[in-house]
Every structure is written in structure tokens, then in C-alpha cells.
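> Below you will find the structure I want to go over with you.
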Amino acid sequence: MRQPLRLDVHTVEIDQIRFGDHTGVDDGALVVDRDALAALILEDPRIAGVDVRIAQPGDDIRIIGCLDAVEPRCKVGDGSVFPGFLGGMETVGEGETLRLGGVAVLASSRYPQPFSGLLQAREAVVDMRGPTANLSPFGRTLNLVLAYTPNPDIDNEDYDDAIRRSNLRVAEHLATQALDAPRASTTTFDISEQDPDLPNVVYFYQLQGQGPMADTYLYGRVIHNLVPTVMHPNEALDGAIVCGVYVYGCYKNVTYLHQNNPIIWELQRRHGKELNFAGVVINRGHNYTQEDKERSSRWAAKLIEFLEADGAVFTAEGGGNSAIDMMLAVQYLEQAGVETAVVSSEAAGEDGYDFPLFYTVPEADAIVSVGSEDEVFDMPEVAEVIGGDTLLDGQPAAGPYRLKMYFQFCGTQQVGGNVLVGRVH
Amino acid sequence: MVRVAHYINQFFAGIGGEDKADHPFEVREGAVGPGRAVEMAGGGDVEIVQTLVCGDNAFHADTEGTLAAIEAALAESKPDLLIAGPGFNAGRYGLACAAVCAVATEKLGIPALTGVYVDAPAVDVYRSRVVMVPTGDSAAGMKDAVEGMLRVGLRLAAGEPLGPAEEDGRIPMGFRKAVVTETPVAARVVDMLMAKLRGEPFTSEVALPEPAEAVPPAPPVADLSGAVVAVVTDGGLVPVGNPDGIESSSATKWARYPIDDLVRNDDPSFMSIHAGYDSQWVDADPDRLVPIDALLDLEAEGVIKEAHPYYYVTTGTGTTVTHAERMGEEIAKQLISDGVHAVLVTST
Amino acid sequence: MIEKAGIPAAHLAAMTSMAKIAGSNRIISSGLIPHPVGDPSRSPEEELKWRTGQVRKALNAAATPLDEALIFPDW
């Protein structure tokens, strides 16, 4: 398949964030005018207040109630990096994009209304120093934290939308203030040349679609009715996929991870050397019935075959339910003679003795682990907490306490970027 | 100096072979037999402060009494580490070594380990509880065994946590735990795929399960019209306020509630606390999860004799197999004692 | 576990493959994940009629002799 998009990503490398009287990049530092940024955010009446804070690696800080993280990016020239949310409804993935390397805009908030069942918000924590900083990719980024307070009169879904738009707007705004800053590097993403002597590898990229506040956006729309489709890897990197999985803690692929999807970076890096990166097939996970799962998984497998794949890398988003959709596709492809390798989280029980996978097929013989949602970690006492004083279960957020991986922000997300692996002890 | 207590049998203490296997438990000062090899391997940093000796038959003739005596001896000497054996491929001796280790760690908090051959009976019985280092199958492998045990033992004595079994040089205890790795997820998964494409060997980071043991189907209900039928669900439907505190996920509890309360559910007094599905439809009408209305209609029609007066509930999301099996057994037991003939299970 | 204890248990679930992996023997494909014996798209009367049908299928499954696990066909 011809896939002629070329994307040049310019990186302005940032080594610290600080507040100042203007917003821009000064000698490697991202300077933020705190009041001006807050004023921009509060233009949306659904947000009653915002506390703009800085949390960087080594700080004695814990951030709680984390919902999403977004990397500051903008297009160089016309267009928006988050089509469907900002700017017009054009496709992305070509031209030039500028990113602030090392920075994440991190949203923290509680919802205005009480929850029940699935729509219940889970705690999501990031520590900025010590061993627990290893539990989230955002223990290693320079975080500009937006701790929002909701307008109490609106419902959760409306507020969820307000936060998402605010995060994206702030992320784009920060990057546009750095258009003149010196660029450390430019990475070109281009898979248009395919070498017939190399194996073709496709990325099966499964996104969570489970309903309000547990959904993913593709070009500004929820993927609820998505049938599997082919997309160019550059589109994912360039803001076509935006996270809406706000109520989960450890499993979500936040927007930052879509923008920097490590699987896509790795396949692009090896493209033309060891393999041909032959494209991306996105699939909705959490389909509601066996038939829907089979329909979606077979359809995705078929598209991967149409792309003449010799092999495919699989990631899913979520726990047991989404594992089924993914594993079914693994099974169909292996039976069709396409080799597969899978990234999976584990659920091995608190003591680690339980069987770690939710759902398996005998064909899934190559699995990379990102650790278990059930493992418990000692959270030290911290000097400062951003996002509130108490965890959702009521205990003082500053610690110390023991906390499951389930509540570590992006702790077992499966697209890469974490440093833990489950091993037999 | 690391202070070590050492457990050995009558043979390694130089008392005698099978004919002396009923040699009673005794405590000796200092190193005896393989204890000297332990001290030598320790290079002056390890001292055997106490050797616990027991004949293999004597140990198993009065396991409880011997272990109590060992516990008392260790409580007094307070060693930094207990080493037992190595037991190699011996049956009785290996089991005794492992049992002594279990007492030291579980009752006294003293780090302990033994060395055994991977197929020794002690491995099957104690692997999940006791730190074991693999050894050869006979005393010819003493030097390697002692060095391997000491390498792991000194780390335990220093309070270091266990690492992955493969890297520690231990027989796997079987629990999984996360460790930090330098190689990114993306590199690992693409490496694994490339190995498969090239037909090269690769190692999955999670091994697939042994196929589950199939449960033979229960005999069918002979006569539905004479049957008492109960509903069991993992959909988390509980009275508002969740009186039994069933967990929203990773459940360890189950409960049963009268279906009469559910039938009279005029103002919503039941709700789902399950954290893995969107419960709005069930909250609006619990019959969509626990079909009591349909069951009572069928009772009235005479299709079944009776709808059992309780429904049984837990939450099935992130629930471990261990807890799920235990709860299943408990619920089954209750159903049998209630005289239930058939069960409808609903799950979300 | 209930079947193991000798009581036939008919499992109504949207995720029939999951039910099979979990070891259920008498499996009836039913509803959607969030409401295995509900169908909010029907009127209340129609929904009860449908649900009663599903329960009948399950009861028949409990009365069917089996040698091994079966996902009952949707009659």
C-alpha cells in the first residue's frame, strides 16, 4: 500500500520549567506566565479554577488525580496538531511539527458529580522522586501540572470534555511560543520507501472504547462505532488520537503516549534496516459481545493481511476485557501464518502467585510484560501533594502508605515508556 | 561476620548411615561436616555458630517436636541466617531441610535457605515458601552447592530482597514481581517479533498456562418441574450501601440477598458496585442481571418448582483465580446445603 | 466450582469464550456485557418476554446431559 506521508518532528529540548513574566523558551528553560495561562484556561466557564504548578524529576512531590498528559506540540505553518478538537477537520501526519522535548502538560482533577459502577474515577498517582518515580512515565518528565477545579453545576461528561479541550489548547499554546527557539534535532517519520527484501511489520494498535470517560478520540470523535481501519503511523504521532480514558489509573494510554508511541518510534527506527514498517491498524477494544469482538478482531486481522504483513506487534489498552479483543486477533493472524508479538500487563495477585494473564490463546507465544496491576508498592511520605489532600479512598495523600499498581498513573500502560518488567522470583 | 545456624542430618554429621537414622535431635557448637565447607566458602566472613543435627527417621517420626526444639534453639542463638543441608536428591532429608527453613523464616523471621536437586520431593512441597538453591543430585556436588547457597544466603542475611530466580540462581518460588529493566518495552517486543520472523529462539516474558483442567459436566436436572433454581452473578448487584462491603474489583467476598427485596425494588434499593462495566442499565432494572421476574413467572407456570429465595453475588473483575475458586467452592457448598438443584449464572 | 460440586450451572454471558476459558460447561450466549439478561432497546413487556426466553434456554441447558463443555446454539 502506498503510504506517502512524511513528517518532520523538530525537538526543542527543555531542561527545566519555571514561572516568569512571559511564556516562551529561554536558554533551554520553558518559562510560563502563570496568571496569563490560568486566564486562558478560565475562559471556559465549565472550569471554576486552576492551580498551575511545576513538578520535575527529583522534586519531593506527589501528583494525585491524574487524568491525562499531553506533550506541547504545534504545527510549523498552517494547521493544528489536534484536528477535531482545535483548528479545522484536516488530516495530520505530514509537514513539520514542533515539540517541546521532555515536557508534559499533566491534568489533575476530581469530577464534580458522584460516580457509580464503571464510571467511577480511579486514583492515579505520580511520584517525582525515589523508587516510586519509576512507576509512571511521568515521574521522569518535566511536568506543568494543571490542577483543575470543576464548576460544580455541570455533569461529569461535560466537565471531562472541558478538561480535554483545555489540556490540548494549553499544549498547543506552549509549543507555539517556542517556534523561534533553537531546535536540538529533527526526526523524520517516513515509511514510503519499502524494501522488498525485508519483512513487513504492521502495528496492531488497540484503543479503549468503553463508554463515556473511558473512551478514545480519533480525529475528535469517540471510537465507539469504529470498525478496524488502516492509519498512517504519522497520524497517531501528530495528534489524531487523543485520550479520553480518564477514569482509569494504570491502564490508560494518555495523549502524550499516543504522540510519542514508543512502538511507532521503534518500528520507524528499524524501518529500511531490519524491517519494513508496513502500517498501523487501529482496533477498538472493549467490544461488548463475543460476536462484536470476533467481528472486530477478524476485520483487523484481515486488514493486516491486506498490508502483506509477515509479522505484527500488538498492544492493547485496558485489562481483561480488552485482552480478549487483542488475543483473538493474535489467534487469527497466527493461524493465517503471520508472526505476532504482544505487549501485556499482568494481574498476578498481590503476592504474585496467580496466573498473570487475563485471557490467552495458545498461539500467543511471544509476550512482553509491563508488570502487574496487583503489585503493591511502598509510597513514601512526600513534602508536597498536587491535586488535593486526600486520595479517593480518603487517606491523606502525602503518605506513607502502600498502593497498588492499579492506582499508579499509566503504571501498566502497554505501548511502552515504562521501565518495569514482571519476572518469576 | 555473618552468624549462621546450620541444619544437617546424621549422615553429614558423621554419625552414621541408614542404621543411625533414628539419631535424636541435638545441638552442637560450631561447624560440623559440610558446615566447614560453608565457613571456607565464606572466606572468614561467615561463622557457623550452631549446628542442628537430627536423624532422618527421628525427624519424621516426631516432626512437630523436632521443629519446636529447633525453633527454641534458633530463638536462643538468634543467627543472621539459617542454612539447611544441602539435601541434594534425598527425600526425607530434603523435606526436613525445607521444613526447618520454613520454621526459621515464618515463625522467627530468620532468613533461611536450603539447597536441593530440582526434582527432589522437597521442591514440590515447599517451593513457594522456602528459598532453595539448585544443586547436583549427590554429595559429589557439595562445593558448588555450598557456594551457590552462600551467594544467595549472604544477600538474604544482608536484608536484600529476592531478585528474579534465574538471576539469583535459585529454584523459582513461582511468584511474579516487577523489576527495573534497561531495555525498553518497544525494543523487547520488536526484538521478539524479529526473532520469530528469523526462526531464532526467543523467550516469552510470560509463559502460557498449562491447559486448565476441565471440570466434568454435572449431571443434568432430571425433572425441571421439581427443581429449585438459584441465580448466581458476578455482576456486583448489592443493596444500596453495600452492607457486606463486597469489593468493586479484585473481590475477595461474596454475599447472598433475598430475592423478595429485589422484587419489591420500587425505589432503587439495589445497585451494581462492579467497577468493570457500565452499570446504568442494571441499576435501572436489576432483572437485567438477576432475572428474578422471569424466574418467578416460570415458577408460576410450573416450569420449575421454585425460585430459590436468595441470589448469590460477587464482583468478577480483576478477581484472582485463587479467590474466585475459593468463593466458588463456598457458594457451591451453601447451594448444596440449601437444596438447590440447578443454578443460573450471569456474568458481565 | 458449582458444576464440580454436582449442581448443573447454566451460564448466561455475552462473552461466551471467556465463560468457556473460566471453565463453565453449559454456556448460553446472552445479551451484552453490561446487561447479560437485559435488552433496554425493547419495551418493558417485550424485554421480560425475551428475558424469560433466555432463562428457559438456560434451564433447558441445565437439564441437558453433557460429556464436555458446550456453548449452546442459539435456537
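To be explicit about the labels: the chains of the C-alpha cells are called A, B, and onward in the order shown, and within each one the residues are counted from 1, while ligands get numbers from 1 in the order they are shown.
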Would you return as a ChimeraX atom specification the members of chain C that DSSP assigns to alpha helix (DSSP H) on this structure's backbone?

/C:16-21,44-62

> Got a sec to pull out which chain C residues are within 8 Å of chain A, counting only C-alpha atoms, and send them as a VMD selection string?

chain C and resid 14 to 18 21 31 to 34

> Could you dump the residues just selected with C-alpha atoms as a PDB file, in the first residue's frame?


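The result, written out as result-v8.pdb:
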ATOM      1  CA  ALA C  14     -22.206 -12.092  26.418  1.00  0.00           C
ATOM      2  CA  MET C  15     -18.576 -13.235  26.489  1.00  0.00           C
ATOM      3  CA  THR C  16     -19.027 -16.921  25.746  1.00  0.00           C
ATOM      4  CA  SER C  17     -15.336 -17.562  25.051  1.00  0.00           C
ATOM      5  CA  MET C  18     -14.441 -16.105  28.440  1.00  0.00           C
ATOM      6  CA  ILE C  21     -11.993 -20.422  29.478  1.00  0.00           C
ATOM      7  CA  GLY C  31     -27.313 -10.011  25.923  1.00  0.00           C
ATOM      8  CA  LEU C  32     -24.405  -7.614  26.124  1.00  0.00           C
ATOM      9  CA  ILE C  33     -21.595  -7.386  28.669  1.00  0.00           C
ATOM     10  CA  PRO C  34     -23.316  -4.683  30.759  1.00  0.00           C
TER      11      PRO C  34
END

> What gap, in Å, lies between atom CA of Ala69 of chain B and atom CA of Cys97 of chain B?

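Between atom CA of Ala69 of chain B and atom CA of Cys97 of chain B the gap is 14.4 Å.
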
> Using only C-alpha atoms, find the one residue out of C:Ile27, C:Glu47, C:Val37, C:Ile71 that sits nearest to chain B.

C:Val37

> Any idea what's packed within 8 Å of segment 5-11 of chain C, counting only C-alpha atoms, ignoring anything in its chain fewer than 6 positions away? Could you give it as JSON, numbers by chain?

{"B": [217, 218, 219, 220, 221, 329, 332, 333, 336, 340, 341, 342, 343, 344, 345, 346, 347], "C": [19, 24, 25, 26, 27, 28, 58, 59, 61, 62, 63]}

> Restricted to N, CA and C atoms, what would the selected residues look like written as a PDB file, in the first residue's frame?


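Now in out29.pdb:
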ATOM      1  N   PRO B 217     -18.791 -32.079  33.314  1.00  0.00           N
ATOM      2  CA  PRO B 217     -20.140 -31.531  33.496  1.00  0.00           C
ATOM      3  C   PRO B 217     -20.910 -32.273  34.587  1.00  0.00           C
ATOM      4  N   ALA B 218     -21.661 -31.510  35.360  1.00  0.00           N
ATOM      5  CA  ALA B 218     -22.513 -32.116  36.381  1.00  0.00           C
ATOM      6  C   ALA B 218     -23.664 -32.825  35.687  1.00  0.00           C
ATOM      7  N   PRO B 219     -24.223 -33.830  36.323  1.00  0.00           N
ATOM      8  CA  PRO B 219     -25.395 -34.478  35.721  1.00  0.00           C
ATOM      9  C   PRO B 219     -26.536 -33.482  35.579  1.00  0.00           C
ATOM     10  N   PRO B 220     -27.350 -33.637  34.530  1.00  0.00           N
ATOM     11  CA  PRO B 220     -28.426 -32.662  34.311  1.00  0.00           C
ATOM     12  C   PRO B 220     -29.538 -32.796  35.347  1.00  0.00           C
ATOM     13  N   VAL B 221     -30.348 -31.755  35.431  1.00  0.00           N
ATOM     14  CA  VAL B 221     -31.551 -31.829  36.259  1.00  0.00           C
ATOM     15  C   VAL B 221     -32.499 -32.821  35.592  1.00  0.00           C
ATOM     16  N   GLU B 329     -16.211 -22.400  45.610  1.00  0.00           N
ATOM     17  CA  GLU B 329     -16.402 -23.565  46.494  1.00  0.00           C
ATOM     18  C   GLU B 329     -17.359 -23.238  47.629  1.00  0.00           C
ATOM     19  N   ALA B 332     -20.886 -22.968  46.275  1.00  0.00           N
ATOM     20  CA  ALA B 332     -21.384 -24.304  45.931  1.00  0.00           C
ATOM     21  C   ALA B 332     -21.830 -25.049  47.184  1.00  0.00           C
ATOM     22  N   LYS B 333     -21.039 -24.921  48.244  1.00  0.00           N
ATOM     23  CA  LYS B 333     -21.357 -25.602  49.490  1.00  0.00           C
ATOM     24  C   LYS B 333     -22.692 -25.113  50.055  1.00  0.00           C
ATOM     25  N   ILE B 336     -25.619 -26.377  47.980  1.00  0.00           N
ATOM     26  CA  ILE B 336     -25.939 -27.777  48.265  1.00  0.00           C
ATOM     27  C   ILE B 336     -26.722 -27.873  49.565  1.00  0.00           C
ATOM     28  N   VAL B 340     -30.480 -26.659  46.498  1.00  0.00           N
ATOM     29  CA  VAL B 340     -30.692 -26.125  45.149  1.00  0.00           C
ATOM     30  C   VAL B 340     -30.357 -27.204  44.119  1.00  0.00           C
ATOM     31  N   HIS B 341     -31.208 -27.317  43.080  1.00  0.00           N
ATOM     32  CA  HIS B 341     -30.997 -28.355  42.065  1.00  0.00           C
ATOM     33  C   HIS B 341     -30.310 -27.848  40.814  1.00  0.00           C
ATOM     34  N   ALA B 342     -30.493 -26.566  40.509  1.00  0.00           N
ATOM     35  CA  ALA B 342     -29.879 -26.019  39.299  1.00  0.00           C
ATOM     36  C   ALA B 342     -29.580 -24.541  39.529  1.00  0.00           C
ATOM     37  N   VAL B 343     -28.579 -24.055  38.804  1.00  0.00           N
ATOM     38  CA  VAL B 343     -28.136 -22.685  39.013  1.00  0.00           C
ATOM     39  C   VAL B 343     -28.075 -21.976  37.669  1.00  0.00           C
ATOM     40  N   LEU B 344     -28.525 -20.700  37.671  1.00  0.00           N
ATOM     41  CA  LEU B 344     -28.293 -19.832  36.524  1.00  0.00           C
ATOM     42  C   LEU B 344     -27.187 -18.863  36.914  1.00  0.00           C
ATOM     43  N   VAL B 345     -26.122 -18.848  36.125  1.00  0.00           N
ATOM     44  CA  VAL B 345     -25.024 -17.915  36.397  1.00  0.00           C
ATOM     45  C   VAL B 345     -25.113 -16.799  35.369  1.00  0.00           C
ATOM     46  N   THR B 346     -25.067 -15.549  35.819  1.00  0.00           N
ATOM     47  CA  THR B 346     -24.968 -14.462  34.843  1.00  0.00           C
ATOM     48  C   THR B 346     -23.669 -13.721  35.095  1.00  0.00           C
ATOM     49  N   SER B 347     -22.979 -13.372  33.994  1.00  0.00           N
ATOM     50  CA  SER B 347     -21.779 -12.587  34.207  1.00  0.00           C
ATOM     51  C   SER B 347     -21.663 -11.474  33.189  1.00  0.00           C
TER      52      SER B 347
ATOM     53  N   ALA C  19     -16.369 -17.356  29.241  1.00  0.00           N
ATOM     54  CA  ALA C  19     -17.063 -18.310  30.100  1.00  0.00           C
ATOM     55  C   ALA C  19     -16.448 -19.697  29.924  1.00  0.00           C
ATOM     56  N   SER C  24     -16.738 -22.896  32.547  1.00  0.00           N
ATOM     57  CA  SER C  24     -18.167 -23.203  32.551  1.00  0.00           C
ATOM     58  C   SER C  24     -18.448 -24.312  31.545  1.00  0.00           C
ATOM     59  N   ASN C  25     -19.455 -25.130  31.831  1.00  0.00           N
ATOM     60  CA  ASN C  25     -19.794 -26.226  30.937  1.00  0.00           C
ATOM     61  C   ASN C  25     -21.026 -25.941  30.096  1.00  0.00           C
ATOM     62  N   ARG C  26     -22.007 -25.278  30.711  1.00  0.00           N
ATOM     63  CA  ARG C  26     -23.275 -25.025  29.996  1.00  0.00           C
ATOM     64  C   ARG C  26     -23.369 -23.526  29.741  1.00  0.00           C
ATOM     65  N   ILE C  27     -23.039 -23.122  28.521  1.00  0.00           N
ATOM     66  CA  ILE C  27     -22.888 -21.705  28.239  1.00  0.00           C
ATOM     67  C   ILE C  27     -23.959 -21.262  27.246  1.00  0.00           C
ATOM     68  N   ILE C  28     -24.626 -20.156  27.578  1.00  0.00           N
ATOM     69  CA  ILE C  28     -25.664 -19.612  26.702  1.00  0.00           C
ATOM     70  C   ILE C  28     -25.273 -18.178  26.358  1.00  0.00           C
ATOM     71  N   ALA C  58     -31.589 -21.390  29.371  1.00  0.00           N
ATOM     72  CA  ALA C  58     -30.609 -21.760  30.395  1.00  0.00           C
ATOM     73  C   ALA C  58     -31.100 -22.965  31.190  1.00  0.00           C
ATOM     74  N   LEU C  59     -32.393 -22.965  31.506  1.00  0.00           N
ATOM     75  CA  LEU C  59     -32.943 -24.092  32.270  1.00  0.00           C
ATOM     76  C   LEU C  59     -32.852 -25.381  31.450  1.00  0.00           C
ATOM     77  N   ALA C  61     -30.619 -25.963  29.252  1.00  0.00           N
ATOM     78  CA  ALA C  61     -29.206 -26.349  29.256  1.00  0.00           C
ATOM     79  C   ALA C  61     -28.881 -27.113  30.536  1.00  0.00           C
ATOM     80  N   ALA C  62     -29.470 -26.654  31.656  1.00  0.00           N
ATOM     81  CA  ALA C  62     -29.212 -27.328  32.934  1.00  0.00           C
ATOM     82  C   ALA C  62     -29.812 -28.738  32.936  1.00  0.00           C
ATOM     83  N   ALA C  63     -30.791 -28.957  32.060  1.00  0.00           N
ATOM     84  CA  ALA C  63     -31.443 -30.275  32.011  1.00  0.00           C
ATOM     85  C   ALA C  63     -30.897 -31.149  30.888  1.00  0.00           C
TER      86      ALA C  63
END

> Between B:Pro243, B:Pro258, B:Pro184, B:Gly153, which has the minimum distance to Asn418 of chain A (counting only C-alpha atoms)?

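Residue with the minimum atom-to-atom distance to Asn418 of chain A: B:Pro184.
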
> Could you check the closest approach to chain A for each of B:Thr181, B:Thr135, B:Thr66, B:Gln10 and tell me which residue wins, using only C-alpha atoms?

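Going through B:Thr181, B:Thr135, B:Thr66, B:Gln10 one by one, the smallest distance to chain A is for B:Thr181.
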
> Run DSSP on the backbone and give me the residues of segment 120-334 of chain B it puts in strand (DSSP E), as a ChimeraX atom specification.

/B:131-134,176-180,228-233,237-239,255-258,270-272,306-313

> Find the residues near Pro72 of chain A: any atom within 10 Å, counting only C-alpha atoms, skip ones fewer than 2 places away on the same chain, and give them as a PyMOL selection string.

chain A and resi 69-70+74+81+98-105+167-176+178+256+259
